[in-house]
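S.K.: So I've got this file, model.cif, and it contains mmCIF, C-alpha atoms and all ligand atoms:
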```cif
data_data
#
loop_
_atom_site.label_atom_id
_atom_site.label_comp_id
_atom_site.auth_asym_id
_atom_site.auth_seq_id
_atom_site.Cartn_x
_atom_site.Cartn_y
_atom_site.Cartn_z
CA MET C 69 235.30 -117.99 212.25
CA PRO C 70 235.51 -120.27 209.22
CA ASP C 71 234.14 -119.51 205.78
CA ILE C 72 230.74 -121.15 205.55
CA ILE C 73 230.61 -122.31 201.94
CA ASP C 74 227.25 -121.17 200.63
CA GLY C 75 226.12 -123.91 198.26
CA ASN C 76 222.71 -122.28 197.94
CA GLN C 77 224.20 -119.07 196.56
CA ILE C 78 226.79 -120.80 194.35
CA SER C 79 224.15 -123.11 192.86
CA LYS C 80 221.86 -120.11 192.32
CA ASP C 81 224.66 -118.41 190.33
CA ILE C 82 225.13 -121.56 188.22
CA ILE C 83 221.39 -121.91 187.64
CA GLU C 84 221.25 -118.29 186.42
CA GLU C 85 224.15 -118.96 184.03
CA LEU C 86 222.43 -122.10 182.72
CA THR C 87 219.09 -120.29 182.31
CA ILE C 88 220.80 -117.78 180.03
CA GLU C 89 222.50 -120.60 178.13
CA VAL C 90 219.18 -122.44 177.56
CA SER C 91 217.39 -119.23 176.54
CA LYS C 92 219.88 -118.96 173.64
CA LEU C 93 218.95 -122.41 172.30
CA LEU C 94 216.48 -121.47 169.60
CA ASP C 95 215.63 -124.74 167.82
CA SER C 96 214.43 -126.80 170.77
CA LYS C 97 214.99 -127.20 174.51
CA PRO C 98 216.81 -129.95 176.40
CA LYS C 99 214.61 -132.76 177.70
CA VAL C 100 215.31 -135.02 180.67
CA VAL C 101 213.31 -137.99 181.96
CA PHE C 102 213.38 -138.83 185.67
CA VAL C 103 212.57 -142.44 186.47
CA ARG C 104 211.41 -143.11 190.02
CA VAL C 105 210.66 -146.63 191.21
CA GLY C 106 208.36 -146.63 194.23
CA GLU C 107 207.45 -143.90 196.69
CA ASP C 108 210.49 -143.53 198.92
CA PRO C 109 209.85 -140.10 200.55
CA ALA C 110 213.42 -138.83 200.12
CA SER C 111 213.38 -139.86 196.42
CA VAL C 112 209.99 -138.15 195.92
CA SER C 113 211.40 -134.96 197.40
CA TYR C 114 214.68 -135.08 195.40
CA VAL C 115 212.89 -135.69 192.09
CA ASN C 116 210.40 -132.88 192.81
CA LYS C 117 213.29 -130.52 193.43
CA LYS C 118 215.04 -131.63 190.22
CA GLN C 119 211.84 -131.03 188.22
CA LYS C 120 211.35 -127.61 189.77
CA VAL C 121 214.87 -126.49 188.89
CA SER C 122 214.55 -127.95 185.36
CA ALA C 123 211.41 -125.83 184.81
CA GLN C 124 213.17 -122.75 186.16
CA ILE C 125 216.03 -123.18 183.67
CA GLY C 126 213.81 -124.00 180.69
CA ILE C 127 214.67 -127.70 180.54
CA GLU C 128 211.69 -129.92 179.78
CA SER C 129 211.33 -132.71 182.31
CA VAL C 130 209.12 -135.78 182.41
CA LEU C 131 208.60 -137.97 185.46
CA LEU C 132 208.10 -141.69 184.95
CA VAL C 133 206.89 -143.36 188.16
CA LEU C 134 207.04 -147.15 188.22
CA ASP C 135 205.62 -149.49 190.80
CA VAL C 136 208.06 -150.75 193.40
CA SER C 137 207.24 -154.34 192.38
CA ILE C 138 208.46 -153.87 188.79
CA SER C 139 211.14 -156.38 187.81
CA GLN C 140 214.63 -155.26 186.85
CA GLN C 141 214.03 -156.65 183.36
CA GLU C 142 210.87 -154.56 182.93
CA LEU C 143 212.64 -151.45 184.23
CA ILE C 144 215.50 -151.98 181.77
CA ALA C 145 212.95 -152.43 178.94
CA GLN C 146 211.48 -149.01 179.84
CA ILE C 147 214.97 -147.48 179.92
CA ARG C 148 215.74 -148.95 176.46
CA LYS C 149 212.65 -147.19 175.06
CA LEU C 150 213.95 -143.90 176.45
CA ASN C 151 217.41 -144.64 175.02
CA GLU C 152 215.83 -144.93 171.56
CA ASP C 153 213.64 -141.83 171.84
CA PRO C 154 215.42 -139.05 169.90
CA GLU C 155 213.46 -136.39 171.83
CA VAL C 156 215.01 -137.47 175.14
CA ASN C 157 218.45 -136.02 175.89
CA GLY C 158 218.96 -137.14 179.48
CA ILE C 159 217.78 -140.07 181.61
CA LEU C 160 218.09 -140.20 185.39
CA ILE C 161 217.23 -143.29 187.42
CA GLN C 162 216.60 -142.09 190.96
CA SER C 163 218.43 -144.23 193.51
CA PRO C 164 218.07 -146.11 195.76
CA LEU C 165 216.37 -148.75 193.67
CA PRO C 166 214.36 -151.54 195.34
CA SER C 167 216.51 -154.25 196.93
CA HIS C 168 215.54 -156.88 194.30
CA MET C 169 217.51 -154.92 191.69
CA ILE C 170 221.23 -154.68 191.00
CA GLU C 171 221.76 -150.95 190.66
CA THR C 172 224.87 -151.10 188.48
CA GLU C 173 223.07 -153.33 185.93
CA VAL C 174 220.28 -150.76 185.72
CA PHE C 175 222.70 -147.81 185.47
CA ASN C 176 224.64 -149.63 182.72
CA SER C 177 221.45 -149.98 180.67
CA VAL C 178 221.17 -146.20 180.25
CA ALA C 179 222.70 -145.05 176.95
CA PRO C 180 226.09 -143.51 177.90
CA GLU C 181 225.33 -140.35 175.89
CA LYS C 182 222.10 -139.84 177.91
CA ASP C 183 223.56 -140.83 181.28
CA VAL C 184 223.34 -137.42 182.98
CA ASP C 185 223.98 -139.01 186.39
CA GLY C 186 227.35 -140.37 185.21
CA PHE C 187 226.94 -143.84 186.77
CA ASN C 188 227.15 -145.88 183.56
CA VAL C 189 230.33 -147.94 183.25
CA VAL C 190 231.33 -146.03 180.09
CA ASN C 191 231.21 -142.70 181.89
CA VAL C 192 232.99 -144.05 184.96
CA GLY C 193 235.67 -145.36 182.56
CA LYS C 194 235.93 -141.98 180.84
CA LEU C 195 236.42 -140.35 184.25
CA CYS C 196 239.34 -142.72 184.89
CA GLN C 197 240.76 -141.92 181.46
CA GLU C 198 240.27 -138.17 182.07
CA ASP C 199 238.19 -138.04 178.89
CA GLU C 200 236.15 -134.84 179.10
CA SER C 201 233.46 -136.12 176.71
CA GLY C 202 231.93 -138.25 179.47
CA PHE C 203 229.43 -137.35 182.18
CA VAL C 204 230.71 -136.97 185.74
CA ALA C 205 228.47 -137.92 188.68
CA CYS C 206 226.65 -134.79 189.86
CA THR C 207 227.56 -134.68 193.56
CA PRO C 208 231.33 -135.07 193.04
CA ALA C 209 231.16 -132.58 190.14
CA GLY C 210 229.36 -130.22 192.54
CA ILE C 211 232.14 -130.59 195.12
CA ILE C 212 234.74 -129.61 192.50
CA GLU C 213 232.65 -126.59 191.47
CA LEU C 214 232.32 -125.49 195.12
CA LEU C 215 236.08 -125.71 195.65
CA LYS C 216 236.70 -123.83 192.39
CA ARG C 217 234.26 -121.00 193.04
CA GLN C 218 235.44 -120.70 196.65
CA ASN C 219 239.05 -120.33 195.36
CA ILE C 220 240.27 -123.23 197.50
CA VAL C 221 243.67 -124.52 196.43
CA VAL C 222 243.52 -128.25 195.74
CA GLU C 223 246.74 -128.91 193.85
CA GLY C 224 249.34 -130.66 196.02
CA LYS C 225 247.00 -130.89 199.01
CA HIS C 226 246.17 -134.04 200.92
CA VAL C 227 242.51 -134.88 200.43
CA VAL C 228 240.91 -137.57 202.56
CA VAL C 229 237.63 -138.94 201.22
CA VAL C 230 235.62 -140.90 203.77
CA GLY C 231 233.31 -143.12 201.69
CA ARG C 232 233.95 -145.11 198.51
CA SER C 233 230.53 -145.33 196.84
CA LEU C 234 230.05 -145.19 193.09
CA ILE C 235 227.78 -142.19 193.57
CA VAL C 236 230.01 -139.97 195.71
CA GLY C 237 233.23 -141.20 197.30
CA LYS C 238 235.01 -142.92 194.41
CA PRO C 239 234.30 -140.36 191.68
CA ALA C 240 235.12 -137.51 194.10
CA GLY C 241 238.54 -139.03 194.73
CA LEU C 242 239.12 -139.64 191.01
CA LEU C 243 238.29 -136.03 190.20
CA LEU C 244 240.59 -134.71 192.92
CA VAL C 245 243.52 -136.81 191.74
CA LYS C 246 242.93 -135.81 188.10
CA LYS C 247 245.66 -133.89 186.29
CA SER C 248 243.99 -130.48 186.50
CA LYS C 249 244.07 -127.32 188.57
CA ILE C 250 241.12 -128.34 190.75
CA GLY C 251 242.79 -131.72 191.04
CA ASN C 252 246.41 -132.87 191.36
CA ALA C 253 245.73 -133.68 195.00
CA THR C 254 247.10 -136.60 196.98
CA VAL C 255 243.99 -138.62 197.74
CA THR C 256 243.38 -141.11 200.53
CA PHE C 257 240.15 -143.12 200.65
CA CYS C 258 238.67 -144.33 203.93
CA HIS C 259 235.74 -146.73 204.39
CA SER C 260 234.15 -149.00 206.95
CA ARG C 261 237.16 -151.33 207.05
CA THR C 262 239.73 -148.55 207.48
CA GLN C 263 241.77 -148.76 210.66
CA GLU C 264 242.75 -145.65 212.62
CA ILE C 265 240.30 -143.54 210.62
CA ALA C 266 240.49 -140.58 213.01
CA SER C 267 244.25 -140.22 212.65
CA ILE C 268 244.01 -140.46 208.83
CA ALA C 269 241.18 -137.93 208.64
CA LYS C 270 243.20 -135.62 210.84
CA GLN C 271 245.96 -135.46 208.22
CA ALA C 272 243.60 -134.00 205.63
CA ASP C 273 244.00 -130.51 204.25
CA ILE C 274 240.62 -131.13 202.64
CA LEU C 275 238.30 -133.65 204.28
CA ILE C 276 235.33 -134.98 202.34
CA ALA C 277 232.71 -136.87 204.35
CA ALA C 278 230.35 -139.10 202.34
CA ILE C 279 229.38 -141.73 204.84
CA GLY C 280 225.68 -141.50 205.67
CA LYS C 281 226.16 -141.42 209.46
CA PRO C 282 224.96 -138.34 211.36
CA ASN C 283 227.74 -136.31 212.99
CA PHE C 284 230.33 -139.07 212.38
CA ILE C 285 233.22 -136.62 211.95
CA ASP C 286 233.97 -134.95 215.26
CA ALA C 287 236.52 -132.31 216.25
CA THR C 288 239.22 -134.89 217.08
CA MET C 289 239.18 -136.06 213.44
CA VAL C 290 239.86 -132.68 211.87
CA LYS C 291 243.12 -130.79 211.45
CA LYS C 292 243.18 -127.13 212.45
CA GLY C 293 242.64 -124.98 209.36
CA ALA C 294 241.31 -127.84 207.20
CA VAL C 295 238.57 -127.44 204.60
CA VAL C 296 235.62 -129.73 205.33
CA ILE C 297 233.10 -130.78 202.70
CA ASP C 298 230.11 -132.52 204.24
CA VAL C 299 228.19 -134.55 201.69
CA GLY C 300 226.00 -136.42 204.17
CA ILE C 301 222.26 -135.90 204.25
CA ASN C 302 220.79 -137.73 207.21
CA ARG C 303 217.25 -137.47 208.56
CA VAL C 304 217.20 -137.42 212.36
CA GLU C 305 214.02 -137.35 214.41
CA ASP C 306 213.06 -133.92 215.69
CA GLY C 307 209.69 -133.53 217.39
CA SER C 308 209.94 -129.72 217.20
CA LYS C 309 209.74 -129.82 213.38
CA LYS C 310 206.45 -130.11 211.51
CA SER C 311 207.94 -132.89 209.38
CA GLY C 312 209.12 -134.73 212.51
CA PHE C 313 212.74 -134.73 211.33
CA ARG C 314 215.63 -132.45 210.52
CA LEU C 315 218.56 -132.90 208.16
CA VAL C 316 222.09 -133.22 209.47
CA GLY C 317 225.36 -134.00 207.76
CA ASP C 318 228.08 -136.55 208.43
CA VAL C 319 230.10 -133.86 210.23
CA ASP C 320 229.38 -132.52 213.70
CA PHE C 321 229.20 -128.95 212.41
CA GLU C 322 228.98 -127.27 215.84
CA ALA C 323 231.99 -129.12 217.22
CA VAL C 324 234.16 -128.76 214.13
CA GLN C 325 233.47 -125.25 212.88
CA SER C 326 235.81 -123.41 215.28
CA LYS C 327 238.76 -125.53 214.06
CA VAL C 328 238.41 -125.34 210.28
CA SER C 329 239.12 -122.67 207.67
CA ALA C 330 236.04 -123.46 205.56
CA ILE C 331 233.09 -125.83 205.84
CA THR C 332 229.89 -126.66 203.99
CA PRO C 333 226.66 -126.59 206.00
CA VAL C 334 223.89 -129.21 205.80
CA PRO C 335 221.49 -128.32 204.36
CA GLY C 336 222.69 -125.62 201.96
CA GLY C 337 226.15 -126.94 201.06
CA VAL C 338 226.74 -129.79 198.63
CA GLY C 339 223.04 -130.70 198.19
CA PRO C 340 221.99 -127.80 195.95
CA MET C 341 225.17 -128.23 193.89
CA THR C 342 224.13 -131.75 192.94
CA VAL C 343 220.98 -130.43 191.27
CA ALA C 344 222.86 -127.62 189.51
CA MET C 345 225.39 -130.12 188.08
CA LEU C 346 222.57 -132.37 186.89
CA MET C 347 221.20 -129.45 184.91
CA LYS C 348 224.66 -128.77 183.47
CA ASN C 349 224.98 -132.42 182.41
CA THR C 350 221.53 -132.33 180.77
CA ILE C 351 222.51 -129.32 178.67
CA LYS C 352 225.76 -131.10 177.75
CA ALA C 353 223.74 -134.17 176.66
CA TYR C 354 221.50 -131.93 174.54
CA ARG C 355 224.52 -130.30 172.90
CA LEU C 356 226.10 -133.71 172.18
CA SER C 357 222.95 -134.83 170.39
CA HIS C 358 222.78 -131.59 168.34
CA LYS C 359 226.37 -131.59 167.06
P1 LIG G 1 226.78 -145.29 200.64
O1 LIG G 1 226.04 -145.91 201.76
O2 LIG G 1 226.68 -145.86 199.28
O3 LIG G 1 228.33 -145.26 201.01
C1 LIG G 1 228.76 -144.89 202.29
C2 LIG G 1 230.25 -145.05 202.40
O4 LIG G 1 230.62 -144.73 203.73
C3 LIG G 1 230.73 -146.48 202.12
O5 LIG G 1 231.88 -146.46 201.34
C4 LIG G 1 231.01 -147.04 203.52
O6 LIG G 1 232.07 -147.96 203.57
C5 LIG G 1 231.41 -145.77 204.27
N1 LIG G 1 231.15 -145.95 205.69
C6 LIG G 1 230.00 -146.35 206.28
N2 LIG G 1 230.16 -146.43 207.61
C7 LIG G 1 231.45 -146.10 207.86
C8 LIG G 1 232.23 -146.02 209.04
N3 LIG G 1 231.71 -146.30 210.23
N4 LIG G 1 233.51 -145.65 208.91
C9 LIG G 1 234.04 -145.36 207.71
N5 LIG G 1 233.35 -145.41 206.56
C10 LIG G 1 232.07 -145.78 206.64
O7 LIG G 1 226.37 -143.77 200.66
P2 LIG G 1 226.50 -142.62 199.53
O8 LIG G 1 227.92 -142.47 199.13
O9 LIG G 1 225.49 -142.79 198.49
O10 LIG G 1 226.06 -141.36 200.40
C11 LIG G 1 226.82 -140.91 201.51
C12 LIG G 1 226.06 -139.78 202.18
O11 LIG G 1 225.94 -138.71 201.26
C13 LIG G 1 224.62 -140.10 202.59
O12 LIG G 1 224.31 -139.38 203.77
C14 LIG G 1 223.78 -139.59 201.45
O13 LIG G 1 222.47 -139.25 201.84
C15 LIG G 1 224.57 -138.37 201.06
N6 LIG G 1 224.39 -137.95 199.69
C16 LIG G 1 224.25 -136.63 199.46
C17 LIG G 1 224.11 -136.15 198.20
C18 LIG G 1 224.00 -134.69 198.02
O14 LIG G 1 223.50 -134.25 197.01
N7 LIG G 1 224.51 -133.87 198.95
C19 LIG G 1 224.04 -137.04 197.05
C20 LIG G 1 224.31 -138.42 197.36
C21 LIG G 1 224.45 -138.86 198.64
P3 LIG G 1 231.99 -149.41 202.84
O15 LIG G 1 232.18 -149.14 201.39
O16 LIG G 1 233.10 -150.15 203.47
O17 LIG G 1 230.63 -149.96 203.16
#
```
If you convert what's in this file into structure tokens, what do you get?
Ligand code: NDP
M.R.:
Amino acid sequence: MPDIIDGNQISKDIIEELTIEVSKLLDSKPKVVFVRVGEDPASVSYVNKKQKVSAQIGIESVLLVLDVSISQQELIAQIRKLNEDPEVNGILIQSPLPSHMIETEVFNSVAPEKDVDGFNVVNVGKLCQEDESGFVACTPAGIIELLKRQNIVVEGKHVVVVGRSLIVGKPAGLLLVKKSKIGNATVTFCHSRTQEIASIAKQADILIAAIGKPNFIDATMVKKGAVVIDVGINRVEDGSKKSGFRLVGDVDFEAVQSKVSAITPVPGGVGPMTVAMLMKNTIKAYRLSHK
């Protein structure tokens, strides 16, 4: 049987470490502002979770909810106010934003030193330059932390990342190719225009699925003994659940698990790590502003 990588437990350990770290900050506590535009149910649930974990750690959080009809210009004006507020250490703009906005323009309006989501062009640039002073996107940072704490060797391995988004795929690949111990991998990116994706995925020692398509990765796409990191969070209808849906990943867990050496479940794998890394980034932002 493979190792089931327990993201719930690993994130719990990190949250305990961060709680101790925050308790030692005597002058003031870190403060993060979550900006949510509209009432998308998944966004409501993610922001609630982020606020709950902030409170648990001792990080002050504020939720700013804006109407879905707000213009991009008005949203950016609100963000600029937060950029100028010395009490605010971190700003997170919950995505997806409404379709009338250009997400990268909004992300780039967040002050780089408060950009705890790591999507601002300055922080993406610092990731490329391997400059540790920047903020790394939380989900890819969570993947690295999972691999590290699970003692999975990355150096020299072939990593295939399926997905090339700014939020997950691209930064995950950049981190894994970085000159560091949990890095130094040979990275291949796949996306919707990739040909022969199954045969490429099958070459992976470590396969990262960040696609957004339920059960996309099946057993024929996975090498025996590979490590599989399933980033996908997909809602599929399920009449037996009170909510009417259940969450599944981008990997067909049942079909793949007998072939692999380690795999993350959905839920309970990468998801909780994203929140833990957000908290870590917020404390980093606080420390940067108190140097
Ligand atoms: P995006 O939709 O931004 O990107 C999806 C990527 O998958 C794109 O690069 C796209 O290719 C690629 N893709 C889509 N269809 C195919 C296909 N048929 N074959 C190959 N590649 C394909 O999604 P995100 O990166 O934001 O999210 C990916 C998944 O991860 C989602 O399920 C999301 O919910 C989840 N997620 C989970 C998080 C967590 O905390 N665990 C955090 C963030 C996201 P192309 O670029 O060519 O369009």
S.K.: Counting all atoms listed in the file, figure out which residue out of C:Ile279, C:Ile73, C:Val101, C:Val90 gets nearest to ligand LIG 1 (chain G).
M.R.: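 Ranked by minimum distance to ligand LIG 1 (chain G), first place goes to C:Ile279.
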S.K.: Restricting the calculation to only C-alpha atoms, which member of C:Ile88, C:Met341, C:Ala294, C:Val190 is positioned closest to C:Asn176?
M.R.: C:Val190
S.K.: Can you tell me which residues sit at most 6 Å away from ligand LIG 1 (chain G), counting only C-alpha atoms and all ligand atoms, written as a ChimeraX atom specification?
M.R.: /C:207,230-233,235-237,259-261,278-280,299-302,338-339,342
S.K.: Could you list, as a PyMOL selection string, every residue within 9 Å of C:Ser267, counting all atoms listed in the file and ignoring same-chain residues fewer than 5 positions away?
M.R.: chain C and resi 288-290
S.K.: So, counting all atoms listed in the file, which residue among C:Pro70, C:Pro239, C:Gly75, C:Pro340 is closest to C:Cys196?
M.R.: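 Closest to C:Cys196, using all atoms listed in the file: C:Pro239.
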S.K.: Between atom CA of C:Glu305 and atom CA of C:Cys206, what is the spacing in Å?
M.R.: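 That distance, rounded to one decimal, is 27.7 Å.
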S.K.: State, in Å with one decimal place, the distance from atom CA of C:Asp81 to atom CA of C:Val255.
M.R.: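 Distance reported for this atom pair: 28.9 Å.
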S.K.: Can you tell me how far atom CA of C:Lys310 sits from atom CA of C:Val115, in Å to one decimal?
M.R.: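 That distance, rounded to one decimal, is 21.2 Å.
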S.K.: Go ahead and find all residues with at least one atom no further than 6 Å from (235.8, -130.5, 217.5) in the file's coordinates, using only C-alpha atoms; report them as a list in words.
M.R.: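 These residues have at least one counted atom within 6 Å: Asp286, Ala287, Thr288, Ala323 and Val324 of chain C.
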